[in-house]
Amino acid sequence: MSENELASLAGMMGMGVGLLIYLLMFLFAIAFYIVFVFPYYRMAKRQGLPHAWLVFVPVGNIWVMLNLPRREFNLFNKYIQTDRTKVFWHFLLFTLIASVLAVPFVFIILIPVLGWLLYFAFCVALGVITYGFTWRMYYDIYMTYGMQDNAMLLSILGMFVPIVSIVVAFMIMNREPDFNA
């Protein structure tokens, strides 16, 4: 074999190894996602929640997780909603609007100082709303499934250390919901 052929063979082998690594990472991500949502599927099935299978669909899992508790969704006493399906659609709309608004910031950040301040304010507002929504979703689930004493701590900790949310979900998935909590 010539040097060029060896170089081509080495390049193809490198690409093959790279593709194999990507494939393994993709399969690992799918497995991790299934492990993450399985407890919520189990809770939804036990409650007889329609379309519990949506938990395996990205974004659909938010609808299922929002509808597990049957309590008022109250985000900082600023957004109060009794219909949790409406909360899902409002969050989806908020996410869409935030995604569209993020595009102009590519140009706004070119403005010295003011552009960066506006971008910073946008990111902080987006983070507060998104993390607040996520916190409330987990908090309500934990309150409904018998974790009243630790719901606040676990819901905050779970946002920053996701393994906590997974462990707690497996701990509570076989419990009976208490809709009066």
# chains A, B, ... in the order shown; residues from 1 in each chain; ligands from 1
>>> select_by_dssp(residues="stretch 58-155 of chain A", states="helix (DSSP H, G or I)", output="ChimeraX atom specification")
/A:60-67,84-102,105-108,114-144,151-155
>>> residues_around(residues="A:Asn150", least_positions_apart="5", cutoff="12 Å", atoms="only C-alpha atoms", output="count of residues only")
13
>>> closest_residue(among="A:Asp149, A:Glu176, A:Asp83, A:Glu5", to="A:Arg71", atoms="only C-alpha atoms")
A:Asp83
>>> closest_residue(among="A:Leu27, A:Met173, A:Val106, A:Ala98", to="A:Ala125", atoms="only C-alpha atoms")
A:Ala98
>>> atom_distance(atom1="atom CA of A:Pro69", atom2="atom CA of A:Arg84")
8.8 Å
>>> decode(residues="stretch 29-43 of chain A", atoms="all heavy atoms", output="compact mmCIF listing (two decimals), in the first residue's frame")
# COMPACT_ATOMS: atom_id res chain seq x y z
N ALA A 29 -28.04 8.97 25.36
CA ALA A 29 -28.97 10.08 25.61
C ALA A 29 -30.41 9.59 25.60
O ALA A 29 -31.22 9.98 26.45
CB ALA A 29 -28.76 11.18 24.58
N ILE A 30 -30.77 8.72 24.66
CA ILE A 30 -32.12 8.17 24.60
C ILE A 30 -32.41 7.33 25.84
O ILE A 30 -33.47 7.45 26.46
CB ILE A 30 -32.34 7.35 23.31
CG1 ILE A 30 -32.36 8.28 22.11
CG2 ILE A 30 -33.62 6.53 23.39
CD1 ILE A 30 -32.41 7.57 20.77
N ALA A 31 -31.45 6.50 26.23
CA ALA A 31 -31.63 5.66 27.43
C ALA A 31 -31.78 6.53 28.67
O ALA A 31 -32.65 6.27 29.52
CB ALA A 31 -30.45 4.71 27.59
N PHE A 32 -30.98 7.57 28.78
CA PHE A 32 -31.07 8.48 29.93
C PHE A 32 -32.43 9.16 29.96
O PHE A 32 -33.05 9.29 31.02
CB PHE A 32 -29.94 9.52 29.85
CG PHE A 32 -29.91 10.43 31.04
CD1 PHE A 32 -29.37 10.00 32.24
CD2 PHE A 32 -30.41 11.72 30.95
CE1 PHE A 32 -29.34 10.83 33.34
CE2 PHE A 32 -30.39 12.56 32.04
CZ PHE A 32 -29.85 12.12 33.25
N TYR A 33 -32.92 9.59 28.80
CA TYR A 33 -34.23 10.24 28.73
C TYR A 33 -35.34 9.29 29.18
O TYR A 33 -36.22 9.67 29.94
CB TYR A 33 -34.49 10.74 27.31
CG TYR A 33 -35.80 11.46 27.17
CD1 TYR A 33 -35.93 12.77 27.61
CD2 TYR A 33 -36.92 10.84 26.63
CE1 TYR A 33 -37.14 13.44 27.50
CE2 TYR A 33 -38.12 11.49 26.52
CZ TYR A 33 -38.22 12.80 26.96
OH TYR A 33 -39.42 13.45 26.86
N ILE A 34 -35.28 8.06 28.73
CA ILE A 34 -36.29 7.07 29.11
C ILE A 34 -36.26 6.82 30.62
O ILE A 34 -37.30 6.75 31.27
CB ILE A 34 -36.12 5.77 28.31
CG1 ILE A 34 -36.50 6.01 26.84
CG2 ILE A 34 -36.96 4.63 28.89
CD1 ILE A 34 -36.16 4.89 25.90
N VAL A 35 -35.07 6.70 31.16
CA VAL A 35 -34.94 6.52 32.62
C VAL A 35 -35.51 7.73 33.35
O VAL A 35 -36.19 7.59 34.36
CB VAL A 35 -33.47 6.27 33.02
CG1 VAL A 35 -33.27 6.40 34.52
CG2 VAL A 35 -33.03 4.90 32.54
N PHE A 36 -35.25 8.92 32.85
CA PHE A 36 -35.73 10.14 33.48
C PHE A 36 -37.25 10.23 33.50
O PHE A 36 -37.83 10.63 34.51
CB PHE A 36 -35.14 11.36 32.76
CG PHE A 36 -35.69 12.68 33.25
CD1 PHE A 36 -35.33 13.18 34.48
CD2 PHE A 36 -36.57 13.40 32.46
CE1 PHE A 36 -35.84 14.38 34.94
CE2 PHE A 36 -37.08 14.60 32.90
CZ PHE A 36 -36.72 15.10 34.15
N VAL A 37 -37.90 9.87 32.41
CA VAL A 37 -39.35 10.07 32.32
C VAL A 37 -40.18 8.86 32.76
O VAL A 37 -41.38 9.00 33.00
CB VAL A 37 -39.79 10.50 30.90
CG1 VAL A 37 -39.17 11.83 30.54
CG2 VAL A 37 -39.50 9.46 29.86
N PHE A 38 -39.57 7.69 32.87
CA PHE A 38 -40.34 6.50 33.22
C PHE A 38 -41.15 6.64 34.51
O PHE A 38 -42.33 6.26 34.53
CB PHE A 38 -39.44 5.26 33.31
CG PHE A 38 -40.20 4.04 33.72
CD1 PHE A 38 -41.02 3.39 32.82
CD2 PHE A 38 -40.14 3.57 35.03
CE1 PHE A 38 -41.77 2.28 33.20
CE2 PHE A 38 -40.88 2.47 35.42
CZ PHE A 38 -41.70 1.81 34.50
N PRO A 39 -40.60 7.19 35.59
CA PRO A 39 -41.42 7.32 36.81
C PRO A 39 -42.67 8.18 36.60
O PRO A 39 -43.73 7.89 37.15
CB PRO A 39 -40.48 7.98 37.82
CG PRO A 39 -39.12 7.72 37.32
CD PRO A 39 -39.23 7.61 35.83
N TYR A 40 -42.55 9.20 35.76
CA TYR A 40 -43.71 10.06 35.51
C TYR A 40 -44.75 9.34 34.66
O TYR A 40 -45.95 9.55 34.83
CB TYR A 40 -43.25 11.37 34.86
CG TYR A 40 -42.28 12.11 35.75
CD1 TYR A 40 -40.92 12.13 35.47
CD2 TYR A 40 -42.73 12.74 36.91
CE1 TYR A 40 -40.04 12.76 36.31
CE2 TYR A 40 -41.85 13.37 37.75
CZ TYR A 40 -40.50 13.39 37.45
OH TYR A 40 -39.62 14.02 38.29
N TYR A 41 -44.30 8.47 33.78
CA TYR A 41 -45.22 7.63 33.02
C TYR A 41 -45.99 6.72 33.97
O TYR A 41 -47.22 6.60 33.88
CB TYR A 41 -44.45 6.80 31.99
CG TYR A 41 -45.31 5.78 31.27
CD1 TYR A 41 -46.20 6.17 30.29
CD2 TYR A 41 -45.24 4.43 31.60
CE1 TYR A 41 -46.99 5.25 29.63
CE2 TYR A 41 -46.03 3.50 30.95
CZ TYR A 41 -46.90 3.92 29.97
OH TYR A 41 -47.70 3.00 29.33
N ARG A 42 -45.27 6.12 34.88
CA ARG A 42 -45.90 5.22 35.87
C ARG A 42 -46.94 5.97 36.71
O ARG A 42 -48.03 5.47 36.95
CB ARG A 42 -44.82 4.60 36.74
CG ARG A 42 -45.35 3.69 37.78
CD ARG A 42 -44.53 2.45 37.83
NE ARG A 42 -44.93 1.70 39.00
CZ ARG A 42 -45.43 0.50 38.94
NH1 ARG A 42 -45.52 -0.10 37.79
NH2 ARG A 42 -45.79 -0.12 40.03
N MET A 43 -46.58 7.17 37.16
CA MET A 43 -47.52 7.97 37.97
C MET A 43 -48.75 8.33 37.13
O MET A 43 -49.89 8.26 37.62
CB MET A 43 -46.84 9.24 38.46
CG MET A 43 -45.82 9.02 39.55
SD MET A 43 -45.14 10.59 40.14
CE MET A 43 -43.46 10.44 39.58
